[in-house]
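Pasted below: run06.cif, mmCIF, C-alpha atoms.
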```cif
data_protein
#
loop_
_atom_site.label_atom_id
_atom_site.label_comp_id
_atom_site.auth_asym_id
_atom_site.auth_seq_id
_atom_site.Cartn_x
_atom_site.Cartn_y
_atom_site.Cartn_z
CA MET A 1 62.71 44.41 13.58
CA ALA A 2 61.00 41.26 12.35
CA ALA A 3 57.54 40.26 13.39
CA GLU A 4 56.17 36.75 13.68
CA GLY A 5 52.94 36.47 11.73
CA TRP A 6 51.49 39.08 9.43
CA ILE A 7 51.39 42.65 10.68
CA TRP A 8 47.88 43.79 9.83
CA ARG A 9 46.60 47.35 9.69
CA TRP A 10 42.97 48.15 9.19
CA GLY A 11 42.30 50.09 6.01
CA TRP A 12 44.82 51.10 3.37
CA GLY A 13 48.19 52.40 4.49
CA ARG A 14 49.33 55.91 3.68
CA ARG A 15 52.27 56.34 1.32
CA CYS A 16 54.17 59.21 2.90
CA PRO A 17 56.56 60.81 0.34
CA GLY A 18 59.49 60.73 2.76
CA ARG A 19 58.72 57.30 4.19
CA PRO A 20 57.04 55.24 1.47
CA GLY A 21 56.22 52.10 3.44
CA LEU A 22 53.80 49.49 2.08
CA PRO A 23 51.50 48.21 4.83
CA GLY A 24 49.44 45.13 4.24
CA PRO A 25 45.67 45.14 3.86
CA GLY A 26 43.34 44.36 6.74
CA PRO A 27 42.39 40.74 7.36
CA GLY A 28 39.22 40.07 5.40
CA PRO A 29 37.38 36.74 5.65
CA THR A 30 39.39 35.16 2.84
CA SER A 31 42.68 36.25 4.40
CA LEU A 32 41.72 34.83 7.78
CA LEU A 33 40.83 31.51 6.17
CA LEU A 34 44.18 31.47 4.36
CA LEU A 35 46.01 32.19 7.61
CA LEU A 36 44.08 29.40 9.31
CA PHE A 37 45.03 26.84 6.67
CA LEU A 38 48.49 28.09 5.65
CA GLY A 39 49.79 28.98 9.10
CA PRO A 40 51.70 32.10 10.20
CA VAL A 41 54.03 33.88 7.83
CA ALA A 42 56.78 36.23 8.97
CA SER A 43 56.85 39.69 7.49
CA ASP A 44 58.00 43.19 8.25
CA ILE A 45 56.90 46.51 6.86
CA THR A 46 59.58 48.79 5.57
CA ASP A 47 59.15 52.42 6.52
CA GLY A 48 61.39 53.73 3.76
CA ASN A 49 64.30 54.62 6.06
CA SER A 50 67.71 54.85 4.42
CA GLU A 51 68.88 51.79 6.34
CA HIS A 52 66.45 49.70 4.28
CA LEU A 53 67.06 51.39 0.94
CA LYS A 54 69.48 49.43 -1.28
CA ARG A 55 71.06 52.09 -3.43
CA GLU A 56 72.91 49.60 -5.61
CA HIS A 57 69.53 48.39 -6.88
CA SER A 58 67.76 51.78 -6.97
CA LEU A 59 67.27 54.38 -9.69
CA ILE A 60 66.95 57.81 -8.04
CA LYS A 61 67.21 61.42 -9.15
CA PRO A 62 69.45 63.22 -9.76
CA TYR A 63 70.52 60.70 -12.40
CA GLN A 64 74.18 60.34 -13.21
CA GLY A 65 75.21 60.17 -16.85
CA VAL A 66 72.56 62.49 -18.30
CA GLY A 67 73.43 63.18 -21.93
CA SER A 68 75.57 60.05 -22.27
CA SER A 69 74.86 56.49 -23.41
CA SER A 70 75.42 54.93 -19.98
CA MET A 71 74.95 55.55 -16.27
CA PRO A 72 76.38 53.99 -13.09
CA LEU A 73 74.61 50.80 -11.92
CA TRP A 74 72.14 50.81 -14.82
CA ASP A 75 72.30 49.85 -18.51
CA PHE A 76 69.75 50.88 -21.09
CA GLN A 77 69.12 49.98 -24.69
CA GLY A 78 66.80 50.52 -27.64
CA SER A 79 64.81 53.75 -27.68
CA THR A 80 65.52 54.51 -24.00
CA MET A 81 66.46 58.14 -23.39
CA LEU A 82 67.89 59.51 -20.13
CA THR A 83 66.88 63.06 -19.19
CA SER A 84 67.27 65.03 -15.96
CA GLN A 85 63.61 64.40 -15.00
CA TYR A 86 62.83 60.87 -16.20
CA VAL A 87 64.01 57.81 -18.09
CA ARG A 88 61.88 57.54 -21.22
CA LEU A 89 61.66 53.90 -22.35
CA THR A 90 59.72 54.77 -25.51
CA PRO A 91 58.60 58.05 -27.06
CA ASP A 92 55.05 58.46 -28.37
CA GLU A 93 56.06 56.92 -31.70
CA ARG A 94 55.26 53.65 -33.45
CA SER A 95 57.41 50.49 -33.33
CA LYS A 96 59.73 51.50 -30.49
CA GLU A 97 61.27 49.30 -27.79
CA GLY A 98 63.38 50.33 -24.82
CA SER A 99 64.56 48.98 -21.48
CA ILE A 100 66.69 49.78 -18.46
CA TRP A 101 68.41 47.13 -16.32
CA ASN A 102 70.28 47.12 -13.05
CA HIS A 103 73.95 46.07 -13.24
CA GLN A 104 73.92 44.18 -9.96
CA PRO A 105 72.17 40.86 -9.29
CA CYS A 106 69.95 41.03 -6.20
CA PHE A 107 70.64 38.49 -3.43
CA LEU A 108 67.90 39.66 -1.05
CA LYS A 109 65.36 36.98 -0.15
CA ASP A 110 62.78 39.55 0.98
CA TRP A 111 62.39 42.89 -0.76
CA GLU A 112 60.04 45.67 -1.75
CA MET A 113 60.28 47.76 -4.93
CA HIS A 114 58.60 51.16 -5.31
CA VAL A 115 58.24 52.42 -8.87
CA HIS A 116 57.35 56.00 -9.80
CA PHE A 117 56.21 55.91 -13.42
CA ARG A 118 54.15 57.75 -16.01
CA VAL A 119 52.33 56.56 -19.13
CA HIS A 120 50.95 59.34 -21.32
CA GLY A 121 50.37 60.30 -24.93
CA ALA A 122 48.16 61.93 -27.52
CA GLY A 123 46.14 58.80 -28.32
CA LYS A 124 42.46 58.83 -27.34
CA LYS A 125 40.16 55.99 -26.28
CA ASN A 126 41.94 52.70 -27.17
CA LEU A 127 44.26 54.31 -29.71
CA HIS A 128 47.41 53.94 -27.59
CA GLY A 129 49.75 51.22 -26.42
CA ASP A 130 51.30 48.99 -25.42
CA GLY A 131 52.51 49.43 -21.83
CA ILE A 132 55.34 48.83 -19.35
CA ALA A 133 56.80 45.61 -17.92
CA LEU A 134 58.69 45.44 -14.63
CA TRP A 135 61.11 42.53 -14.37
CA TYR A 136 63.01 40.42 -11.86
CA THR A 137 64.68 37.90 -14.15
CA ARG A 138 67.75 35.74 -14.72
CA ASP A 139 68.66 37.42 -18.02
CA ARG A 140 68.87 41.12 -18.74
CA LEU A 141 69.25 43.38 -21.78
CA MET A 142 67.49 40.80 -23.96
CA PRO A 143 65.13 42.60 -26.37
CA GLY A 144 62.01 40.77 -27.50
CA PRO A 145 58.28 40.83 -28.16
CA VAL A 146 57.02 41.06 -24.56
CA PHE A 147 56.78 44.80 -23.89
CA GLY A 148 60.24 45.23 -25.39
CA SER A 149 61.88 42.26 -23.64
CA LYS A 150 62.40 38.54 -24.32
CA ASP A 151 59.72 35.85 -24.14
CA ASN A 152 60.15 32.55 -22.24
CA PHE A 153 61.98 34.39 -19.48
CA HIS A 154 63.06 33.02 -16.08
CA GLY A 155 61.64 34.98 -13.14
CA LEU A 156 58.90 37.49 -12.35
CA ALA A 157 57.13 40.01 -14.58
CA ILE A 158 54.53 42.65 -13.73
CA PHE A 159 52.74 43.93 -16.85
CA LEU A 160 51.11 47.38 -16.95
CA ASP A 161 49.08 46.82 -20.11
CA THR A 162 47.22 49.72 -21.72
CA TYR A 163 45.78 48.12 -24.87
CA PRO A 164 43.25 45.22 -25.13
CA ASN A 165 44.43 42.98 -27.96
CA ASP A 166 41.68 40.42 -27.29
CA ASP A 167 38.42 41.82 -28.67
CA THR A 168 36.40 39.25 -26.68
CA THR A 169 37.72 40.25 -23.26
CA GLU A 170 35.42 41.85 -20.72
CA ARG A 171 38.17 43.22 -18.51
CA VAL A 172 38.77 46.94 -18.35
CA PHE A 173 42.09 48.45 -19.43
CA PRO A 174 44.65 49.64 -18.36
CA TYR A 175 45.25 46.35 -16.58
CA ILE A 176 48.04 45.14 -14.28
CA SER A 177 48.92 41.43 -14.22
CA VAL A 178 51.60 39.13 -12.79
CA MET A 179 53.42 36.22 -14.41
CA VAL A 180 56.05 33.83 -12.99
CA ASN A 181 58.01 31.81 -15.53
CA ASN A 182 60.70 29.10 -15.50
CA GLY A 183 61.35 29.54 -19.23
CA SER A 184 58.67 27.10 -20.35
CA LEU A 185 55.79 29.57 -20.77
CA SER A 186 55.17 32.00 -23.60
CA TYR A 187 53.33 35.29 -23.17
CA ASP A 188 50.37 35.40 -25.58
CA HIS A 189 49.87 39.01 -26.70
CA SER A 190 46.72 38.13 -28.64
CA LYS A 191 45.05 37.14 -25.33
CA ASP A 192 46.79 39.86 -23.27
CA GLY A 193 48.67 37.14 -21.37
CA ARG A 194 45.48 35.75 -19.84
CA TRP A 195 46.54 32.08 -20.02
CA THR A 196 49.72 32.65 -18.01
CA GLU A 197 48.42 35.34 -15.66
CA LEU A 198 48.45 34.50 -11.96
CA ALA A 199 46.38 37.49 -10.87
CA GLY A 200 45.55 41.02 -11.95
CA CYS A 201 43.46 44.13 -11.53
CA THR A 202 42.17 47.10 -13.47
CA ALA A 203 44.21 50.27 -12.80
CA ASP A 204 43.59 53.63 -14.43
CA PHE A 205 47.17 54.92 -14.58
CA ARG A 206 47.34 56.44 -18.09
CA ASN A 207 47.32 60.22 -18.75
CA ARG A 208 46.98 61.17 -15.09
CA GLU A 209 47.78 64.77 -14.16
CA HIS A 210 49.52 63.70 -10.95
CA ASP A 211 52.23 61.23 -9.94
CA THR A 212 51.52 57.50 -10.25
CA PHE A 213 53.21 54.80 -8.18
CA LEU A 214 53.34 51.02 -7.99
CA ALA A 215 54.80 48.87 -5.19
CA VAL A 216 55.85 45.23 -5.41
CA ARG A 217 56.63 43.29 -2.23
CA TYR A 218 58.04 39.76 -2.11
CA SER A 219 58.50 38.10 1.28
CA ARG A 220 58.50 34.42 2.25
CA GLY A 221 56.53 33.32 -0.77
CA ARG A 222 53.94 36.08 -0.67
CA LEU A 223 53.79 38.50 -3.61
CA THR A 224 51.86 41.75 -3.16
CA VAL A 225 51.27 44.50 -5.71
CA MET A 226 49.72 47.83 -4.71
CA THR A 227 49.10 51.11 -6.51
CA ASP A 228 48.81 54.78 -5.66
CA LEU A 229 47.08 56.37 -8.64
CA GLU A 230 44.61 58.79 -7.03
CA ASP A 231 47.05 61.38 -5.65
CA LYS A 232 46.00 60.44 -2.10
CA ASN A 233 49.36 59.13 -0.81
CA GLU A 234 47.60 55.84 -0.07
CA TRP A 235 48.29 52.34 -1.33
CA LYS A 236 45.43 50.41 -2.89
CA ASN A 237 45.55 46.63 -3.10
CA CYS A 238 45.85 45.13 -6.58
CA ILE A 239 47.39 41.64 -6.30
CA ASP A 240 48.08 39.42 -3.30
CA ILE A 241 49.10 35.77 -3.85
CA THR A 242 51.03 33.19 -1.86
CA GLY A 243 53.12 30.17 -2.80
CA VAL A 244 55.53 32.12 -5.03
CA ARG A 245 59.15 30.91 -5.14
CA LEU A 246 61.74 33.26 -6.62
CA PRO A 247 65.49 32.66 -6.58
CA THR A 248 68.08 35.21 -5.56
CA GLY A 249 70.72 36.50 -7.94
CA TYR A 250 68.30 37.83 -10.57
CA TYR A 251 68.18 41.33 -12.06
CA PHE A 252 65.65 44.14 -11.78
CA GLY A 253 64.62 46.01 -14.90
CA ALA A 254 61.87 47.80 -16.79
CA SER A 255 60.93 47.78 -20.44
CA ALA A 256 58.24 49.12 -22.77
CA GLY A 257 57.18 48.70 -26.36
CA THR A 258 54.93 50.30 -28.94
CA GLY A 259 53.47 48.86 -32.15
CA ASP A 260 50.98 50.45 -34.50
CA LEU A 261 49.84 52.45 -31.47
CA SER A 262 52.11 54.35 -29.11
CA ASP A 263 52.60 56.22 -25.84
CA ASN A 264 55.36 57.83 -23.81
CA HIS A 265 56.51 55.31 -21.18
CA ASP A 266 58.53 56.98 -18.43
CA ILE A 267 60.28 55.69 -15.31
CA ILE A 268 61.00 58.42 -12.74
CA SER A 269 62.41 56.22 -9.99
CA MET A 270 62.82 52.61 -8.86
CA LYS A 271 63.61 52.20 -5.16
CA LEU A 272 64.42 48.81 -3.66
CA PHE A 273 64.03 48.25 0.08
CA GLN A 274 65.27 45.30 2.08
CA LEU A 275 62.66 43.67 4.32
CA MET A 276 64.04 42.48 7.65
CA VAL A 277 62.44 39.06 7.99
CA GLU A 278 63.28 36.08 10.18
CA HIS A 279 63.62 32.74 8.38
CA THR A 280 63.58 29.23 9.76
CA PRO A 281 66.88 27.26 9.90
CA ASP A 282 65.66 25.09 7.02
CA GLU A 283 65.00 28.18 4.89
CA GLU A 284 68.40 29.64 5.75
CA ASN A 285 70.10 26.43 4.58
CA ILE A 286 68.51 26.57 1.13
CA ASP A 287 70.71 27.75 -1.75
CA TRP A 288 68.25 30.32 -3.08
CA THR A 289 70.35 30.91 -6.19
CA LYS A 290 69.60 27.34 -7.36
CA ILE A 291 65.81 27.18 -7.05
CA GLU A 292 63.52 27.48 -10.06
CA PRO A 293 60.87 30.22 -10.28
CA SER A 294 57.55 28.55 -9.50
CA VAL A 295 54.13 29.04 -7.94
CA ASN A 296 52.43 26.58 -5.61
CA PHE A 297 49.00 27.91 -6.48
CA LEU A 298 45.51 26.57 -5.72
CA LYS A 299 44.71 26.83 -9.43
CA SER A 300 46.38 26.66 -12.80
CA PRO A 301 46.92 29.98 -14.61
CA LYS A 302 45.04 28.41 -17.54
CA ASP A 303 41.93 28.31 -15.36
CA ASN A 304 41.76 32.11 -15.54
CA VAL A 305 38.48 33.57 -16.72
CA ASP A 306 37.38 37.16 -17.02
CA ASP A 307 35.15 38.84 -14.50
CA PRO A 308 32.73 41.43 -15.97
CA THR A 309 34.28 43.99 -13.62
CA GLY A 310 37.63 43.47 -15.32
CA ASN A 311 39.26 41.74 -12.37
CA PHE A 312 40.78 38.30 -12.01
CA ARG A 313 38.55 35.41 -11.00
CA SER A 314 39.71 31.87 -10.40
CA GLY A 315 38.42 28.86 -12.29
CA PRO A 316 37.59 25.37 -10.93
CA LEU A 317 37.83 24.77 -7.20
CA THR A 318 40.69 22.59 -6.01
CA GLY A 319 42.39 21.34 -2.86
CA TRP A 320 40.94 22.22 0.52
CA ARG A 321 38.25 24.36 -1.11
CA VAL A 322 36.73 21.19 -2.58
CA PHE A 323 36.97 19.53 0.84
CA LEU A 324 35.11 22.42 2.48
CA LEU A 325 32.49 22.38 -0.25
CA LEU A 326 31.94 18.62 0.14
CA LEU A 327 31.80 18.97 3.93
CA CYS A 328 29.14 21.68 3.69
CA ALA A 329 27.18 19.57 1.21
CA LEU A 330 27.35 16.54 3.52
CA LEU A 331 26.16 18.57 6.51
CA GLY A 332 23.35 19.97 4.37
CA ILE A 333 22.26 16.45 3.37
CA ILE A 334 22.29 15.30 7.00
CA VAL A 335 20.19 18.27 8.12
CA CYS A 336 17.72 17.70 5.30
CA ALA A 337 17.49 14.00 6.17
CA VAL A 338 16.79 14.72 9.85
CA VAL A 339 14.18 17.34 9.00
CA GLY A 340 12.57 15.01 6.47
CA ALA A 341 12.43 12.17 8.99
CA VAL A 342 10.76 14.38 11.61
CA VAL A 343 8.19 15.65 9.10
CA PHE A 344 7.46 12.11 7.89
CA GLN A 345 6.99 10.84 11.46
CA LYS A 346 4.54 13.65 12.29
CA ARG A 347 2.54 12.92 9.15
CA GLN A 348 2.36 9.24 10.11
CA GLU A 349 1.10 10.13 13.59
CA ARG A 350 -1.50 12.49 12.08
CA ASN A 351 -2.75 9.80 9.70
CA LYS A 352 -3.19 7.29 12.58
CA ARG A 353 -5.76 9.57 14.23
CA PHE A 354 -8.18 9.01 11.35
CA TYR A 355 -8.32 5.22 11.84
#
```
Reformat the file's structure so that it appears as structure tokens.
Amino acid sequence: MAAEGWIWRWGWGRRCPGRPGLPGPGPGPTSLLLLLFLGPVASDITDGNSEHLKREHSLIKPYQGVGSSSMPLWDFQGSTMLTSQYVRLTPDERSKEGSIWNHQPCFLKDWEMHVHFRVHGAGKKNLHGDGIALWYTRDRLMPGPVFGSKDNFHGLAIFLDTYPNDDTTERVFPYISVMVNNGSLSYDHSKDGRWTELAGCTADFRNREHDTFLAVRYSRGRLTVMTDLEDKNEWKNCIDITGVRLPTGYYFGASAGTGDLSDNHDIISMKLFQLMVEHTPDEENIDWTKIEPSVNFLKSPKDNVDDPTGNFRSGPLTGWRVFLLLLCALLGIIVCAVVGAVVFQKRQERNKRFY
């Protein structure tokens, strides 16, 4: 059942193992301002029922094809190894690359992906790397330098980065970031992708003794990433941005890579859920297979700067934020002028008494 406007729930939603729904965060001041200026957005919250699960786009145990070089609905390449308990993209060895890709293009306009993963290894401190990338892209099975997959891709990437290549960064690793690309942007490993990052957060997912999960929801231009890393069966907000345009007909996949440093990068499951969302007639008439991946953002990704806490912080103010700032400044000037005039008049009256 679709709902008009965001369905808000106070606090973080619980991730029940049998019904792994991803509720949205409560409406903070910034969210309310965005709703005021951007208008209502339709969304629904999947409860993980089988009627929402799209098995043709999901990787679920028990895996079929264990011990062989292929499996139904999924292709893998490079160092990827299929076992009965996990899909290992890379072993804890240097200079390895591996990936797994869904056979079927996804034609859902609104979806939610839940990923059960594990990153672990013998390396201590920062002596491990590099991380996992989750993909929704036009091309698949294309090895390359970006966490084992090609650069200048078309589509969406979520990077789970475990190693800080930029010695000058103040952000704390492991770090999750999002990038949308139409093929014109290149991921800069030396800067940990900072110049093309849309948003990100610090997330301590490496070498945990319990299960670790990540959820990605895309619905009507809003992209949300949440994590469950504390063994509490609760989603924690990581990324929430609007204005994202992704076409249909792209492929889901996951890849990982190691260099001089290494880790085991495992995928246990990838479950795709369809979100039941009402669209306007104009939206229904769009050929979503023909649109280009893009972001109508209030800032350029190149405006990204590091926050000492390790989280994303926007750069220069633009758009309606500048208008609000100028309006506040103008009101402040008017108030100061009125107060100044009153004070000046009283001083004049006081001075007249001495003549």
A:Asp188: which residues within 10 Å, counting only C-alpha atoms, same-chain residues fewer than 3 positions away excluded, as a ChimeraX atom specification?
-> /A:145-146,151,165,185,191-196
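Among the candidates A:Gln104, A:Thr224, A:Ser219, A:Ser95, the one nearest to A:Leu275 when counting only C-alpha atoms is A:Ser219.
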Shell around A:Tyr250 at 12 Å using only C-alpha atoms, local window under 5 positions removed, as JSON, numbers by chain | {"A": [57, 101, 102, 103, 104, 105, 106, 107, 108, 109, 135, 136, 137, 138, 139, 140, 153, 154, 155, 156, 288, 289, 290, 291, 292, 293]}
What lies within 7 Å of A:Val225 using all atoms listed in the file, ignoring chain neighbours under 3 positions off, as a list in words?
-> Ala215, Val216, Arg217, Asn237, Cys238, Ile239 and Asp240 of chain A
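Reported to one decimal place, the separation of atom CA of A:Arg220 from atom CA of A:Met179 is 17.5 Å.
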If the PyMOL selection byres ((chain A and resi 64) around 12) is run on the structure shown, which residues does it catch, given as number ranges by chain?
-> A: 59-63, 65-75, 82-87
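Candidate residues A:Thr90, A:Val342, A:Trp111, A:Lys150 were compared for distance to A:Val277, and the nearest is A:Trp111, using all atoms listed in the file.
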For each of A:Tyr163, A:Tyr175, A:Tyr187, A:Phe323, take the minimum atom-to-atom distance to A:Thr258, counting all atoms listed in the file, then give the residue where this is smallest.
-> A:Tyr163
Atom CA of A:Ser294 to atom CA of A:Ser184, straight-line distance in Å | 11.0 Å
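Candidate residues A:Ile100, A:Cys328, A:Val335, A:Leu141 were compared for distance to A:Ser269, and the nearest is A:Ile100, using only C-alpha atoms.
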Taking the partial coordinates given, rebuild stretch 208-229 of chain A to contain N, CA and C atoms; return it as an mmCIF file, in the coordinates of the input.
```
data_model
loop_
_atom_site.group_PDB
_atom_site.id
_atom_site.type_symbol
_atom_site.label_atom_id
_atom_site.label_comp_id
_atom_site.auth_asym_id
_atom_site.auth_seq_id
_atom_site.Cartn_x
_atom_site.Cartn_y
_atom_site.Cartn_z
ATOM 1 N N ARG A 208 47.377 60.508 -16.334
ATOM 2 C CA ARG A 208 46.980 61.170 -15.090
ATOM 3 C C ARG A 208 47.769 62.471 -14.949
ATOM 4 N N GLU A 209 47.157 63.464 -14.333
ATOM 5 C CA GLU A 209 47.780 64.770 -14.160
ATOM 6 C C GLU A 209 48.664 64.831 -12.914
ATOM 7 N N HIS A 210 48.717 63.738 -12.172
ATOM 8 C CA HIS A 210 49.520 63.700 -10.950
ATOM 9 C C HIS A 210 50.443 62.466 -11.000
ATOM 10 N N ASP A 211 51.277 62.336 -9.993
ATOM 11 C CA ASP A 211 52.230 61.230 -9.940
ATOM 12 C C ASP A 211 51.513 59.899 -9.763
ATOM 13 N N THR A 212 52.073 58.852 -10.367
ATOM 14 C CA THR A 212 51.520 57.500 -10.250
ATOM 15 C C THR A 212 52.621 56.560 -9.759
ATOM 16 N N PHE A 213 52.245 55.689 -8.829
ATOM 17 C CA PHE A 213 53.210 54.800 -8.180
ATOM 18 C C PHE A 213 52.695 53.372 -8.162
ATOM 19 N N LEU A 214 53.647 52.436 -8.147
ATOM 20 C CA LEU A 214 53.340 51.020 -7.990
ATOM 21 C C LEU A 214 54.358 50.422 -7.032
ATOM 22 N N ALA A 215 53.916 49.537 -6.151
ATOM 23 C CA ALA A 215 54.800 48.870 -5.190
ATOM 24 C C ALA A 215 54.668 47.366 -5.342
ATOM 25 N N VAL A 216 55.801 46.695 -5.317
ATOM 26 C CA VAL A 216 55.850 45.230 -5.410
ATOM 27 C C VAL A 216 56.617 44.721 -4.197
ATOM 28 N N ARG A 217 55.971 43.881 -3.395
ATOM 29 C CA ARG A 217 56.630 43.290 -2.230
ATOM 30 C C ARG A 217 56.688 41.771 -2.385
ATOM 31 N N TYR A 218 57.877 41.213 -2.115
ATOM 32 C CA TYR A 218 58.040 39.760 -2.110
ATOM 33 C C TYR A 218 58.678 39.352 -0.789
ATOM 34 N N SER A 219 57.985 38.517 -0.015
ATOM 35 C CA SER A 219 58.500 38.100 1.280
ATOM 36 C C SER A 219 57.949 36.728 1.639
ATOM 37 N N ARG A 220 58.843 35.785 1.829
ATOM 38 C CA ARG A 220 58.500 34.420 2.250
ATOM 39 C C ARG A 220 57.367 33.830 1.428
ATOM 40 N N GLY A 221 57.482 33.953 0.122
ATOM 41 C CA GLY A 221 56.530 33.320 -0.770
ATOM 42 C C GLY A 221 55.287 34.114 -1.054
ATOM 43 N N ARG A 222 55.136 35.264 -0.436
ATOM 44 C CA ARG A 222 53.940 36.080 -0.670
ATOM 45 C C ARG A 222 54.298 37.259 -1.564
ATOM 46 N N LEU A 223 53.561 37.415 -2.647
ATOM 47 C CA LEU A 223 53.790 38.500 -3.610
ATOM 48 C C LEU A 223 52.601 39.455 -3.546
ATOM 49 N N THR A 224 52.892 40.719 -3.287
ATOM 50 C CA THR A 224 51.860 41.750 -3.160
ATOM 51 C C THR A 224 52.166 42.895 -4.113
ATOM 52 N N VAL A 225 51.155 43.341 -4.837
ATOM 53 C CA VAL A 225 51.270 44.500 -5.710
ATOM 54 C C VAL A 225 50.223 45.513 -5.290
ATOM 55 N N MET A 226 50.640 46.759 -5.076
ATOM 56 C CA MET A 226 49.720 47.830 -4.710
ATOM 57 C C MET A 226 49.990 49.047 -5.585
ATOM 58 N N THR A 227 48.991 49.913 -5.683
ATOM 59 C CA THR A 227 49.100 51.110 -6.510
ATOM 60 C C THR A 227 48.711 52.346 -5.722
ATOM 61 N N ASP A 228 49.253 53.473 -6.142
ATOM 62 C CA ASP A 228 48.810 54.780 -5.660
ATOM 63 C C ASP A 228 48.626 55.642 -6.907
ATOM 64 N N LEU A 229 47.391 55.702 -7.378
ATOM 65 C CA LEU A 229 47.080 56.370 -8.640
ATOM 66 C C LEU A 229 46.136 57.546 -8.475
#
```
